[in-house]
$ cat model-v7.cif   # mmCIF, C-alpha atoms
data_data
#
loop_
_atom_site.label_atom_id
_atom_site.label_comp_id
_atom_site.auth_asym_id
_atom_site.auth_seq_id
_atom_site.Cartn_x
_atom_site.Cartn_y
_atom_site.Cartn_z
CA MET A 27 5.12 -8.97 70.07
CA LEU A 28 7.02 -9.84 73.24
CA ILE A 29 10.46 -11.47 72.95
CA ALA A 30 12.28 -12.12 76.22
CA GLY A 31 15.69 -13.76 75.99
CA PHE A 32 18.55 -14.65 78.31
CA PRO A 33 21.90 -16.49 78.02
CA ALA A 34 21.90 -19.77 79.93
CA GLY A 35 24.44 -22.17 81.34
CA ALA A 36 28.06 -22.98 80.72
CA TRP A 37 27.86 -22.15 77.00
CA GLY A 38 25.87 -18.92 77.31
CA THR A 39 23.20 -20.21 74.92
CA ASN A 40 20.40 -17.76 74.23
CA CYS A 41 16.96 -19.01 75.24
CA TYR A 42 13.96 -17.01 73.98
CA LEU A 43 10.32 -16.82 75.03
CA VAL A 44 8.06 -15.37 72.33
CA ALA A 45 4.46 -14.25 72.75
CA PRO A 46 2.01 -11.82 71.14
CA ALA A 47 2.11 -9.80 74.36
CA ALA A 48 2.51 -10.13 78.12
CA GLY A 49 -0.16 -12.27 79.77
CA GLU A 50 -0.63 -14.53 76.72
CA GLU A 51 0.52 -17.88 75.38
CA CYS A 52 4.19 -18.23 74.47
CA VAL A 53 6.70 -20.42 72.66
CA ILE A 54 10.06 -21.30 74.22
CA ILE A 55 13.04 -21.51 71.86
CA ASP A 56 16.17 -23.51 72.79
CA PRO A 57 15.99 -24.09 76.56
CA GLY A 58 19.61 -25.19 77.01
CA HIS A 59 21.95 -25.92 79.88
CA GLN A 60 20.64 -24.56 83.21
CA ALA A 61 17.78 -22.71 81.51
CA THR A 62 14.92 -23.96 83.70
CA GLU A 63 15.20 -21.21 86.32
CA GLY A 64 15.44 -18.46 83.71
CA VAL A 65 12.43 -19.87 81.88
CA ALA A 66 10.38 -19.99 85.08
CA GLU A 67 11.36 -16.44 86.04
CA THR A 68 10.50 -15.08 82.59
CA ILE A 69 7.14 -16.85 82.55
CA ALA A 70 6.28 -15.39 85.97
CA LYS A 71 7.51 -11.90 85.11
CA HIS A 72 5.42 -11.64 81.94
CA ARG A 73 2.52 -13.89 83.06
CA LEU A 74 3.01 -16.26 80.13
CA LYS A 75 1.52 -19.67 79.33
CA PRO A 76 3.89 -21.94 77.34
CA VAL A 77 2.32 -23.99 74.55
CA ALA A 78 5.44 -25.47 72.89
CA VAL A 79 9.21 -25.71 72.86
CA ILE A 80 10.87 -25.34 69.44
CA LEU A 81 14.52 -26.22 68.84
CA THR A 82 16.92 -24.81 66.27
CA HIS A 83 19.10 -27.94 66.52
CA GLY A 84 19.96 -30.80 68.83
CA HIS A 85 23.26 -29.85 70.49
CA ILE A 86 23.15 -30.24 74.26
CA ASP A 87 23.76 -26.53 74.87
CA HIS A 88 20.39 -25.89 73.17
CA VAL A 89 18.32 -28.82 74.47
CA ALA A 90 19.62 -29.69 77.94
CA SER A 91 16.53 -28.34 79.73
CA VAL A 92 13.93 -29.62 77.26
CA VAL A 93 12.75 -32.52 79.44
CA PRO A 94 12.12 -30.51 82.65
CA VAL A 95 10.67 -27.50 80.79
CA CYS A 96 8.27 -29.60 78.70
CA GLY A 97 7.35 -31.68 81.72
CA ALA A 98 6.62 -28.68 83.92
CA HIS A 99 4.19 -27.22 81.38
CA ASP A 100 2.96 -30.38 79.62
CA VAL A 101 3.95 -29.10 76.17
CA PRO A 102 5.54 -30.77 73.13
CA ALA A 103 9.02 -30.17 71.76
CA TRP A 104 9.58 -29.64 68.03
CA ILE A 105 12.90 -30.68 66.41
CA HIS A 106 14.13 -31.66 62.95
CA PRO A 107 14.26 -35.47 62.58
CA SER A 108 17.96 -35.44 61.65
CA ASP A 109 18.84 -34.02 65.08
CA ARG A 110 16.32 -35.89 67.22
CA TYR A 111 18.85 -38.54 68.33
CA MET A 112 20.96 -35.85 70.01
CA MET A 113 18.48 -35.41 72.84
CA SER A 114 19.15 -38.98 73.99
CA ASP A 115 22.82 -39.26 72.99
CA PRO A 116 24.46 -35.82 73.32
CA GLU A 117 28.03 -37.11 73.41
CA LYS A 118 27.63 -38.91 70.08
CA ALA A 119 26.46 -35.63 68.59
CA LEU A 120 29.68 -33.91 69.71
CA GLY A 121 32.08 -36.70 68.85
CA ARG A 122 33.60 -36.42 72.35
CA SER A 123 32.68 -36.50 76.03
CA ILE A 124 31.31 -33.25 77.40
CA GLY A 125 32.62 -34.17 80.87
CA MET A 126 31.17 -36.28 83.68
CA PRO A 127 30.65 -33.41 86.17
CA LEU A 128 28.63 -31.50 83.62
CA MET A 129 26.76 -34.62 82.51
CA GLY A 130 25.66 -35.08 86.10
CA GLU A 131 23.65 -31.84 85.85
CA LEU A 132 21.78 -32.80 82.68
CA THR A 133 18.51 -34.62 82.10
CA VAL A 134 19.31 -36.62 78.97
CA GLY A 135 16.44 -37.98 76.90
CA GLU A 136 13.28 -36.96 75.11
CA PRO A 137 10.21 -35.28 76.59
CA ASP A 138 6.95 -37.20 76.45
CA ASP A 139 5.74 -35.48 73.27
CA VAL A 140 8.19 -34.87 70.41
CA LYS A 141 7.07 -33.51 67.05
CA GLU A 142 9.28 -33.31 63.96
CA LEU A 143 9.93 -30.20 61.90
CA GLY A 144 10.07 -30.01 58.11
CA ASP A 145 11.49 -27.45 55.72
CA GLY A 146 9.02 -24.78 54.65
CA VAL A 147 6.50 -25.57 57.40
CA GLU A 148 4.58 -22.72 59.02
CA LEU A 149 4.07 -23.41 62.72
CA ALA A 150 0.99 -21.66 64.11
CA LEU A 151 1.73 -21.46 67.83
CA ALA A 152 0.66 -19.03 70.56
CA GLY A 153 -1.12 -16.84 68.04
CA LEU A 154 2.07 -16.38 66.01
CA SER A 155 3.44 -17.88 62.80
CA PHE A 156 6.95 -19.36 62.78
CA GLY A 157 8.33 -20.12 59.33
CA VAL A 158 10.71 -23.09 59.41
CA ALA A 159 13.73 -23.26 57.09
CA HIS A 160 16.02 -26.28 57.10
CA ALA A 161 19.55 -24.88 57.36
CA PRO A 162 22.18 -27.65 57.65
CA GLY A 163 25.84 -26.88 58.05
CA HIS A 164 26.27 -26.66 61.83
CA THR A 165 24.29 -29.90 62.19
CA LYS A 166 22.30 -31.95 59.69
CA GLY A 167 19.03 -30.97 61.34
CA SER A 168 19.65 -27.28 61.99
CA VAL A 169 16.66 -25.03 61.29
CA THR A 170 15.79 -21.36 61.60
CA PHE A 171 12.48 -19.84 62.68
CA ARG A 172 11.22 -16.61 61.12
CA VAL A 173 8.36 -14.51 62.43
CA PRO A 174 7.09 -12.22 59.65
CA GLU A 175 6.83 -8.47 59.83
CA ALA A 176 3.70 -7.18 61.54
CA ALA A 177 2.52 -3.58 61.85
CA ASP A 178 5.63 -1.57 62.80
CA ILE A 179 7.58 -4.62 64.01
CA PRO A 180 10.28 -5.91 61.61
CA SER A 181 10.62 -9.55 60.72
CA VAL A 182 12.63 -11.61 63.22
CA LEU A 183 14.91 -14.55 62.39
CA PHE A 184 15.80 -16.96 65.18
CA SER A 185 18.96 -18.26 63.53
CA GLY A 186 20.22 -20.78 66.07
CA ASP A 187 23.88 -21.50 65.31
CA LEU A 188 23.60 -20.71 61.60
CA LEU A 189 24.32 -16.98 61.75
CA PHE A 190 25.85 -14.87 64.53
CA ALA A 191 26.82 -11.21 64.77
CA GLY A 192 30.06 -11.21 62.77
CA SER A 193 30.36 -14.97 62.39
CA VAL A 194 28.63 -18.32 61.79
CA GLY A 195 28.35 -21.67 63.54
CA ARG A 196 31.27 -24.06 63.63
CA THR A 197 31.28 -26.98 61.19
CA ASP A 198 33.92 -29.29 62.70
CA LEU A 199 31.59 -31.40 64.86
CA PRO A 200 29.74 -34.54 63.64
CA GLY A 201 27.16 -33.53 61.03
CA GLY A 202 28.87 -30.23 60.31
CA ASP A 203 29.66 -29.36 56.71
CA PRO A 204 31.29 -26.11 55.48
CA ALA A 205 29.70 -26.33 52.02
CA GLU A 206 26.25 -26.89 53.50
CA MET A 207 26.82 -23.95 55.85
CA LEU A 208 27.54 -21.61 52.95
CA ASP A 209 24.58 -22.96 51.00
CA SER A 210 22.26 -22.42 53.98
CA LEU A 211 23.55 -18.88 54.49
CA GLY A 212 22.87 -18.09 50.84
CA ARG A 213 19.48 -19.79 50.67
CA VAL A 214 18.07 -18.80 54.06
CA CYS A 215 19.72 -15.51 55.03
CA LEU A 216 20.68 -13.55 51.95
CA PRO A 217 17.12 -13.24 50.52
CA LEU A 218 15.83 -11.60 53.71
CA ASP A 219 15.25 -7.86 54.03
CA ASP A 220 18.05 -5.84 55.57
CA SER A 221 15.69 -4.80 58.38
CA THR A 222 15.24 -8.41 59.55
CA VAL A 223 16.35 -8.72 63.17
CA VAL A 224 18.61 -11.73 63.81
CA LEU A 225 18.39 -13.36 67.23
CA SER A 226 21.04 -16.06 67.30
CA GLY A 227 21.96 -18.94 69.55
CA HIS A 228 24.92 -17.10 71.08
CA GLY A 229 25.89 -13.47 71.41
CA PRO A 230 24.10 -10.19 70.70
CA GLN A 231 21.30 -9.46 68.26
CA THR A 232 22.08 -8.07 64.83
CA THR A 233 20.32 -7.47 61.51
CA ILE A 234 20.58 -9.04 58.09
CA GLY A 235 21.67 -5.68 56.69
CA ARG A 236 24.54 -5.37 59.16
CA GLU A 237 25.68 -8.93 58.51
CA ARG A 238 25.34 -8.54 54.74
CA ALA A 239 27.72 -5.59 54.94
CA THR A 240 30.22 -6.85 57.51
CA ASN A 241 30.02 -10.62 58.08
CA PRO A 242 32.87 -12.27 56.13
CA TYR A 243 30.87 -15.46 55.56
CA LEU A 244 27.82 -13.71 54.13
CA ARG A 245 30.11 -11.57 52.00
CA GLU A 246 31.77 -14.73 50.72
CA VAL A 247 28.42 -16.26 49.85
CA ALA A 248 27.24 -13.10 48.12
CA ALA A 249 30.46 -13.13 46.08
CA GLY A 250 29.74 -16.66 44.88
CA TYR A 251 31.65 -18.79 47.42
CA GLY A 252 34.82 -17.89 45.57
CA SER A 253 37.20 -16.80 48.32
CA GLY A 254 37.63 -20.08 50.18
CA ASP A 255 37.23 -20.52 53.94
CA SER A 256 37.25 -17.21 55.77
CA ALA A 257 39.80 -16.56 58.47
CA ALA A 258 37.13 -15.20 60.82
CA PRO A 259 36.44 -17.42 63.86
CA ARG A 260 33.32 -19.57 63.94
CA ARG A 261 31.20 -19.81 67.06
CA GLY A 262 28.89 -22.13 68.90
CA MET A 263 29.51 -25.40 70.72
#
$ encode --input "model-v7.cif" --output "structure tokens"
Amino acid sequence: MLIAGFPAGAWGTNCYLVAPAAGEECVIIDPGHQATEGVAETIAKHRLKPVAVILTHGHIDHVASVVPVCGAHDVPAWIHPSDRYMMSDPEKALGRSIGMPLMGELTVGEPDDVKELGDGVELALAGLSFGVAHAPGHTKGSVTFRVPEAADIPSVLFSGDLLFAGSVGRTDLPGGDPAEMLDSLGRVCLPLDDSTVVLSGHGPQTTIGRERATNPYLREVAAGYGSGDSAAPRRGM
């Protein structure tokens, strides 16, 4: 399996292109702010053919390039229905203005073809299977995508802004909920094998095993939510 990722734009949001191998069809995950050039370069480098864009949630730092990327390759975008409105109204999703100069660089709106994600769905795209888990807490429509283990390749979790190396997504924006965040961490992340590779929306890759041992939020969940809100910083937009 080929996974090519790069941080894009003002928020350093990780965009990933996933394919069975170079020269084959691919899926694009979270083409955010100023991601179009990086997407085009990665497609050319690995000779890829995009068949879909899939979105972990609707915040502008994860969806800002959806319209031009989908339009350039005539592919649909998949998003959870609870976050779909954010593509057309990003400032409402943040509860504040993100700034007129920055807004001037964005293409706000939906691509021509939008498909809605559901919990427990298996997306068969580009010869791969992406297991969808609804994981609210950062937003109401946050989801993760998991590609199962194959041959000698461990399972991979694209966690969006649910789980980061050493932290989790912030819950103080509209639609955020600390209790839902802890529930999603316990329901979606804790049951996974320690070897599962976590590719998050921001920052470096990690593993479930590393986070189970060191992440204060996962440790809190494993202990039964009993320690209250952790003092560790939360990340994401």
$ residues_around --input "model-v7.cif" --residues "stretch 180-197 of chain A" --least-positions-apart "4" --cutoff "6 Å" --atoms "only C-alpha atoms" --output "PyMOL selection string"
chain A and resi 82+164+170-175+202-204+222-227+232+241+260-262
$ write_last_selection --input "model-v7.cif" --atoms "C-alpha atoms" --output "PDB file, in the coordinates of the input"
ATOM      1  CA  THR A  82      16.920 -24.810  66.270  1.00  0.00           C
ATOM      2  CA  HIS A 164      26.270 -26.660  61.830  1.00  0.00           C
ATOM      3  CA  THR A 170      15.790 -21.360  61.600  1.00  0.00           C
ATOM      4  CA  PHE A 171      12.480 -19.840  62.680  1.00  0.00           C
ATOM      5  CA  ARG A 172      11.220 -16.610  61.120  1.00  0.00           C
ATOM      6  CA  VAL A 173       8.360 -14.510  62.430  1.00  0.00           C
ATOM      7  CA  PRO A 174       7.090 -12.220  59.650  1.00  0.00           C
ATOM      8  CA  GLU A 175       6.830  -8.470  59.830  1.00  0.00           C
ATOM      9  CA  GLY A 202      28.870 -30.230  60.310  1.00  0.00           C
ATOM     10  CA  ASP A 203      29.660 -29.360  56.710  1.00  0.00           C
ATOM     11  CA  PRO A 204      31.290 -26.110  55.480  1.00  0.00           C
ATOM     12  CA  THR A 222      15.240  -8.410  59.550  1.00  0.00           C
ATOM     13  CA  VAL A 223      16.350  -8.720  63.170  1.00  0.00           C
ATOM     14  CA  VAL A 224      18.610 -11.730  63.810  1.00  0.00           C
ATOM     15  CA  LEU A 225      18.390 -13.360  67.230  1.00  0.00           C
ATOM     16  CA  SER A 226      21.040 -16.060  67.300  1.00  0.00           C
ATOM     17  CA  GLY A 227      21.960 -18.940  69.550  1.00  0.00           C
ATOM     18  CA  THR A 232      22.080  -8.070  64.830  1.00  0.00           C
ATOM     19  CA  ASN A 241      30.020 -10.620  58.080  1.00  0.00           C
ATOM     20  CA  ARG A 260      33.320 -19.570  63.940  1.00  0.00           C
ATOM     21  CA  ARG A 261      31.200 -19.810  67.060  1.00  0.00           C
ATOM     22  CA  GLY A 262      28.890 -22.130  68.900  1.00  0.00           C
TER      23      GLY A 262
END
$ atom_distance --input "model-v7.cif" --atom1 "atom CA of A:Asp220" --atom2 "atom CA of A:Lys166"
26.8 Å
$ atom_distance --input "model-v7.cif" --atom1 "atom CA of A:Val53" --atom2 "atom CA of A:Gly135"
20.5 Å
$ atom_distance --input "model-v7.cif" --atom1 "atom CA of A:Glu206" --atom2 "atom CA of A:Pro162"
5.9 Å
$ residues_near_point --input "model-v7.cif" --point "(12.3, -9.1, 79.4)" --cutoff "8 Å" --atoms "only C-alpha atoms" --output "PyMOL selection string"
chain A and resi 29-31+68+71-72
$ residues_around --input "model-v7.cif" --residues "A:Val93" --least-positions-apart "6" --cutoff "12 Å" --atoms "all atoms listed in the file" --output "PyMOL selection string"
chain A and resi 56-62+79+86+99-103+113-114+132-140
$ closest_residue --input "model-v7.cif" --among "A:Met207, A:Ile234, A:Leu244, A:Ala119" --to "A:Asp219" --atoms "all atoms listed in the file"
A:Ile234
$ resolve_selection --input "model-v7.cif" --expression "the PyMOL selection byres ((chain A and resi 46) around 7)" --output "list in words"
Met27, Leu28, Ala45, Ala47, Glu50, Gly153 and Leu154 of chain A
$ resolve_selection --input "model-v7.cif" --expression "the PyMOL selection byres ((chain A and resi 213) around 12)" --output "PDB file with C-alpha atoms, in the frame of the given file"
ATOM      1  CA  ALA A 159      13.730 -23.260  57.090  1.00  0.00           C
ATOM      2  CA  HIS A 160      16.020 -26.280  57.100  1.00  0.00           C
ATOM      3  CA  ALA A 161      19.550 -24.880  57.360  1.00  0.00           C
ATOM      4  CA  PRO A 162      22.180 -27.650  57.650  1.00  0.00           C
ATOM      5  CA  THR A 170      15.790 -21.360  61.600  1.00  0.00           C
ATOM      6  CA  LEU A 188      23.600 -20.710  61.600  1.00  0.00           C
ATOM      7  CA  GLU A 206      26.250 -26.890  53.500  1.00  0.00           C
ATOM      8  CA  MET A 207      26.820 -23.950  55.850  1.00  0.00           C
ATOM      9  CA  LEU A 208      27.540 -21.610  52.950  1.00  0.00           C
ATOM     10  CA  ASP A 209      24.580 -22.960  51.000  1.00  0.00           C
ATOM     11  CA  SER A 210      22.260 -22.420  53.980  1.00  0.00           C
ATOM     12  CA  LEU A 211      23.550 -18.880  54.490  1.00  0.00           C
ATOM     13  CA  GLY A 212      22.870 -18.090  50.840  1.00  0.00           C
ATOM     14  CA  VAL A 214      18.070 -18.800  54.060  1.00  0.00           C
ATOM     15  CA  CYS A 215      19.720 -15.510  55.030  1.00  0.00           C
ATOM     16  CA  LEU A 216      20.680 -13.550  51.950  1.00  0.00           C
ATOM     17  CA  PRO A 217      17.120 -13.240  50.520  1.00  0.00           C
ATOM     18  CA  LEU A 218      15.830 -11.600  53.710  1.00  0.00           C
ATOM     19  CA  LEU A 244      27.820 -13.710  54.130  1.00  0.00           C
ATOM     20  CA  VAL A 247      28.420 -16.260  49.850  1.00  0.00           C
ATOM     21  CA  ALA A 248      27.240 -13.100  48.120  1.00  0.00           C
TER      22      ALA A 248
END
$ resolve_selection --input "model-v7.cif" --expression "the PyMOL selection byres ((chain A and resi 36) around 10)" --output "MDAnalysis selection string"
chainID A and resid 33:35 37:39 58:60 87 128
$ closest_residue --input "model-v7.cif" --among "A:Cys52, A:Gly229, A:Ala98, A:His83" --to "A:Gly163" --atoms "only C-alpha atoms"
A:His83
